[in-house]
Amino acid sequence: MIFEAMTVGSYLSNCYIVGSETTMEAAVIDPGADFKKIDDKLKELDLIPKIIILTHAHGDHIGAVKELTDKYNLKIYIHKDDAEVLKDGNANFSKMITGKSTSIIPDFELNDGDEITLGDLKFEIIHTPGHTKGGICIKVGNIMMTGDTLFNKSIGRTDFPGGSFEDIISSIKNKIFKYDDDIVIYPGHNSPSTIKSEKLGNPFVN
């Protein structure tokens, strides 16, 4: 597996590129901004982007989606409960964040437990509502991209429309923490952690 993390945009969101070493096909997770930075990295890694998977629909995670899809004709995946927000430039905060309203129609609406196959990679979709109704985590191999659900020693905000503190805590404890302790989590903002580290040291869930 080829894995690359980069910080993009004024909100310092994390974008992840996950590629298959057998087919050199790649998924781009949360391309929040900085199309050129993401595109240059894809070229540097000699990867062929095929899909975009969004952990949720907020503007700081979707800013480069249109440029990437325009260039590469990528398929866009998002959980079904965030699909309508993605289509609404006010609801997804893109106008507030970038000054430009962005409306995106996804190609596929995901459900909890879905798997997306790309080359020899399998992306497991874990529905983790709380930050948004349709927030997801994405597990591939020994890593999990947790979007704005679980951060390093913190959690995502729950005061936006569709947010729920009770739901996000339940998602973390019952949906994320059931996985092996050694899984590395890569959040939507800030630095990586592990499930074990969050179980022991995250003040919101202890």
# chains A, B, ... in the order shown; residues from 1 in each chain; ligands from 1
>>> residues_around(residues="region 78-94 of chain A", least_positions_apart="6", cutoff="9 Å", atoms="only C-alpha atoms", output="PyMOL selection string")
chain A and resi 52-60+62-63+100-112+125+127+132-136+161
>>> select_by_dssp(residues="region 27-198 of chain A", states="alpha helix (DSSP H)", output="ChimeraX atom specification")
/A:35-44,65-72,83-86,94-98,165-170,195-198
>>> write_last_selection(atoms="C-alpha atoms", output="compact mmCIF listing (two decimals), in the first residue's frame")
# COMPACT_ATOMS: atom_id res chain seq x y z
CA PHE A 35 -5.62 20.95 -6.07
CA LYS A 36 -2.09 21.54 -7.40
CA LYS A 37 -0.45 20.20 -4.25
CA ILE A 38 -2.54 17.03 -4.43
CA ASP A 39 -2.07 16.66 -8.18
CA ASP A 40 1.70 17.13 -7.92
CA LYS A 41 1.87 14.42 -5.25
CA LEU A 42 -0.14 12.00 -7.41
CA LYS A 43 2.31 12.61 -10.26
CA GLU A 44 5.31 12.24 -7.97
CA VAL A 65 -13.07 17.78 -5.45
CA LYS A 66 -14.30 19.51 -8.62
CA GLU A 67 -10.84 20.20 -10.03
CA LEU A 68 -9.77 16.60 -9.43
CA THR A 69 -12.92 15.17 -10.96
CA ASP A 70 -12.71 17.53 -13.92
CA LYS A 71 -9.16 16.40 -14.67
CA TYR A 72 -9.42 12.69 -13.89
CA ALA A 83 -25.22 13.41 0.36
CA GLU A 84 -27.78 16.22 0.48
CA VAL A 85 -25.44 18.46 2.46
CA LEU A 86 -22.76 17.92 -0.18
CA SER A 94 -18.19 25.97 1.35
CA LYS A 95 -19.35 29.54 0.74
CA MET A 96 -18.42 30.54 4.29
CA ILE A 97 -15.03 28.83 4.11
CA THR A 98 -13.92 29.72 0.58
CA PHE A 165 -22.25 14.88 21.31
CA GLU A 166 -23.99 11.68 22.40
CA ASP A 167 -23.71 10.24 18.90
CA ILE A 168 -20.03 11.07 18.46
CA ILE A 169 -19.08 9.49 21.80
CA SER A 170 -21.13 6.40 20.93
CA ILE A 195 -6.63 3.42 18.93
CA LYS A 196 -4.79 2.33 22.08
CA SER A 197 -3.50 5.85 22.72
CA GLU A 198 -7.01 7.29 22.35
>>> atom_distance(atom1="CA of Pro187 (chain A)", atom2="CA of Asp46 (chain A)")
24.8 Å
>>> residues_around(residues="Ile48 (chain A)", least_positions_apart="6", cutoff="9 Å", atoms="only C-alpha atoms", output="MDAnalysis selection string")
chainID A and resid 19 23:27 42 72
>>> closest_residue(among="A:Leu200, A:Tyr11, A:His189, A:Ile51", to="Gly119 (chain A)", atoms="only C-alpha atoms")
A:Ile51
>>> decode(residues="region 54-85 of chain A", atoms="N, CA and C atoms", output="PDB file, in the first residue's frame")
ATOM      1  N   LEU A  54     -15.160  10.849   0.664  1.00  0.00           N
ATOM      2  CA  LEU A  54     -15.290  11.958   1.607  1.00  0.00           C
ATOM      3  C   LEU A  54     -15.764  11.436   2.954  1.00  0.00           C
ATOM      4  N   THR A  55     -15.052  11.824   4.010  1.00  0.00           N
ATOM      5  CA  THR A  55     -15.469  11.390   5.348  1.00  0.00           C
ATOM      6  C   THR A  55     -16.714  12.122   5.809  1.00  0.00           C
ATOM      7  N   HIS A  56     -16.945  13.315   5.268  1.00  0.00           N
ATOM      8  CA  HIS A  56     -18.167  14.072   5.516  1.00  0.00           C
ATOM      9  C   HIS A  56     -18.204  15.230   4.522  1.00  0.00           C
ATOM     10  N   ALA A  57     -19.272  16.035   4.583  1.00  0.00           N
ATOM     11  CA  ALA A  57     -19.541  16.973   3.490  1.00  0.00           C
ATOM     12  C   ALA A  57     -19.080  18.398   3.736  1.00  0.00           C
ATOM     13  N   HIS A  58     -18.366  18.682   4.810  1.00  0.00           N
ATOM     14  CA  HIS A  58     -18.025  20.068   5.123  1.00  0.00           C
ATOM     15  C   HIS A  58     -17.013  20.660   4.136  1.00  0.00           C
ATOM     16  N   GLY A  59     -17.125  21.974   3.944  1.00  0.00           N
ATOM     17  CA  GLY A  59     -16.360  22.684   2.924  1.00  0.00           C
ATOM     18  C   GLY A  59     -14.857  22.569   3.033  1.00  0.00           C
ATOM     19  N   ASP A  60     -14.333  22.414   4.245  1.00  0.00           N
ATOM     20  CA  ASP A  60     -12.876  22.317   4.399  1.00  0.00           C
ATOM     21  C   ASP A  60     -12.333  20.940   4.007  1.00  0.00           C
ATOM     22  N   HIS A  61     -13.222  20.035   3.603  1.00  0.00           N
ATOM     23  CA  HIS A  61     -12.795  18.701   3.179  1.00  0.00           C
ATOM     24  C   HIS A  61     -13.134  18.411   1.718  1.00  0.00           C
ATOM     25  N   ILE A  62     -13.723  19.393   1.013  1.00  0.00           N
ATOM     26  CA  ILE A  62     -14.199  19.129  -0.344  1.00  0.00           C
ATOM     27  C   ILE A  62     -13.689  20.126  -1.384  1.00  0.00           C
ATOM     28  N   GLY A  63     -12.817  21.036  -0.992  1.00  0.00           N
ATOM     29  CA  GLY A  63     -12.469  22.169  -1.840  1.00  0.00           C
ATOM     30  C   GLY A  63     -11.840  21.843  -3.180  1.00  0.00           C
ATOM     31  N   ALA A  64     -11.117  20.728  -3.280  1.00  0.00           N
ATOM     32  CA  ALA A  64     -10.454  20.379  -4.543  1.00  0.00           C
ATOM     33  C   ALA A  64     -11.175  19.273  -5.298  1.00  0.00           C
ATOM     34  N   VAL A  65     -12.356  18.897  -4.823  1.00  0.00           N
ATOM     35  CA  VAL A  65     -13.074  17.781  -5.453  1.00  0.00           C
ATOM     36  C   VAL A  65     -13.360  18.059  -6.928  1.00  0.00           C
ATOM     37  N   LYS A  66     -13.896  19.239  -7.233  1.00  0.00           N
ATOM     38  CA  LYS A  66     -14.304  19.515  -8.617  1.00  0.00           C
ATOM     39  C   LYS A  66     -13.120  19.545  -9.564  1.00  0.00           C
ATOM     40  N   GLU A  67     -12.012  20.147  -9.153  1.00  0.00           N
ATOM     41  CA  GLU A  67     -10.839  20.203 -10.027  1.00  0.00           C
ATOM     42  C   GLU A  67     -10.279  18.808 -10.288  1.00  0.00           C
ATOM     43  N   LEU A  68     -10.264  17.977  -9.256  1.00  0.00           N
ATOM     44  CA  LEU A  68      -9.767  16.603  -9.430  1.00  0.00           C
ATOM     45  C   LEU A  68     -10.688  15.791 -10.331  1.00  0.00           C
ATOM     46  N   THR A  69     -11.995  15.931 -10.125  1.00  0.00           N
ATOM     47  CA  THR A  69     -12.924  15.167 -10.960  1.00  0.00           C
ATOM     48  C   THR A  69     -12.929  15.677 -12.402  1.00  0.00           C
ATOM     49  N   ASP A  70     -12.771  16.983 -12.567  1.00  0.00           N
ATOM     50  CA  ASP A  70     -12.707  17.533 -13.923  1.00  0.00           C
ATOM     51  C   ASP A  70     -11.495  16.991 -14.686  1.00  0.00           C
ATOM     52  N   LYS A  71     -10.375  16.862 -14.003  1.00  0.00           N
ATOM     53  CA  LYS A  71      -9.162  16.400 -14.675  1.00  0.00           C
ATOM     54  C   LYS A  71      -9.140  14.885 -14.884  1.00  0.00           C
ATOM     55  N   TYR A  72      -9.602  14.147 -13.855  1.00  0.00           N
ATOM     56  CA  TYR A  72      -9.418  12.691 -13.886  1.00  0.00           C
ATOM     57  C   TYR A  72     -10.716  11.894 -14.013  1.00  0.00           C
ATOM     58  N   ASN A  73     -11.853  12.577 -14.057  1.00  0.00           N
ATOM     59  CA  ASN A  73     -13.141  11.885 -14.146  1.00  0.00           C
ATOM     60  C   ASN A  73     -13.316  10.869 -12.998  1.00  0.00           C
ATOM     61  N   LEU A  74     -13.043  11.321 -11.783  1.00  0.00           N
ATOM     62  CA  LEU A  74     -13.102  10.442 -10.619  1.00  0.00           C
ATOM     63  C   LEU A  74     -14.541  10.232 -10.164  1.00  0.00           C
ATOM     64  N   LYS A  75     -14.780   9.092  -9.526  1.00  0.00           N
ATOM     65  CA  LYS A  75     -16.068   8.803  -8.902  1.00  0.00           C
ATOM     66  C   LYS A  75     -16.018   9.267  -7.448  1.00  0.00           C
ATOM     67  N   ILE A  76     -17.097   9.901  -7.016  1.00  0.00           N
ATOM     68  CA  ILE A  76     -17.165  10.488  -5.674  1.00  0.00           C
ATOM     69  C   ILE A  76     -18.067   9.646  -4.777  1.00  0.00           C
ATOM     70  N   TYR A  77     -17.544   9.288  -3.601  1.00  0.00           N
ATOM     71  CA  TYR A  77     -18.275   8.494  -2.619  1.00  0.00           C
ATOM     72  C   TYR A  77     -18.477   9.311  -1.345  1.00  0.00           C
ATOM     73  N   ILE A  78     -19.680   9.241  -0.788  1.00  0.00           N
ATOM     74  CA  ILE A  78     -19.973   9.845   0.514  1.00  0.00           C
ATOM     75  C   ILE A  78     -21.114   9.061   1.152  1.00  0.00           C
ATOM     76  N   HIS A  79     -21.195   9.085   2.484  1.00  0.00           N
ATOM     77  CA  HIS A  79     -22.292   8.380   3.145  1.00  0.00           C
ATOM     78  C   HIS A  79     -23.618   9.011   2.744  1.00  0.00           C
ATOM     79  N   LYS A  80     -24.643   8.186   2.644  1.00  0.00           N
ATOM     80  CA  LYS A  80     -25.952   8.648   2.171  1.00  0.00           C
ATOM     81  C   LYS A  80     -26.534   9.761   3.035  1.00  0.00           C
ATOM     82  N   ASP A  81     -26.199   9.791   4.329  1.00  0.00           N
ATOM     83  CA  ASP A  81     -26.770  10.803   5.222  1.00  0.00           C
ATOM     84  C   ASP A  81     -26.105  12.170   5.088  1.00  0.00           C
ATOM     85  N   ASP A  82     -25.003  12.247   4.334  1.00  0.00           N
ATOM     86  CA  ASP A  82     -24.359  13.538   4.059  1.00  0.00           C
ATOM     87  C   ASP A  82     -24.483  13.949   2.599  1.00  0.00           C
ATOM     88  N   ALA A  83     -25.157  13.142   1.800  1.00  0.00           N
ATOM     89  CA  ALA A  83     -25.220  13.414   0.358  1.00  0.00           C
ATOM     90  C   ALA A  83     -25.946  14.715   0.056  1.00  0.00           C
ATOM     91  N   GLU A  84     -27.032  14.999   0.750  1.00  0.00           N
ATOM     92  CA  GLU A  84     -27.784  16.221   0.481  1.00  0.00           C
ATOM     93  C   GLU A  84     -27.008  17.459   0.911  1.00  0.00           C
ATOM     94  N   VAL A  85     -26.269  17.345   2.003  1.00  0.00           N
ATOM     95  CA  VAL A  85     -25.442  18.465   2.461  1.00  0.00           C
ATOM     96  C   VAL A  85     -24.363  18.774   1.426  1.00  0.00           C
TER      97      VAL A  85
END
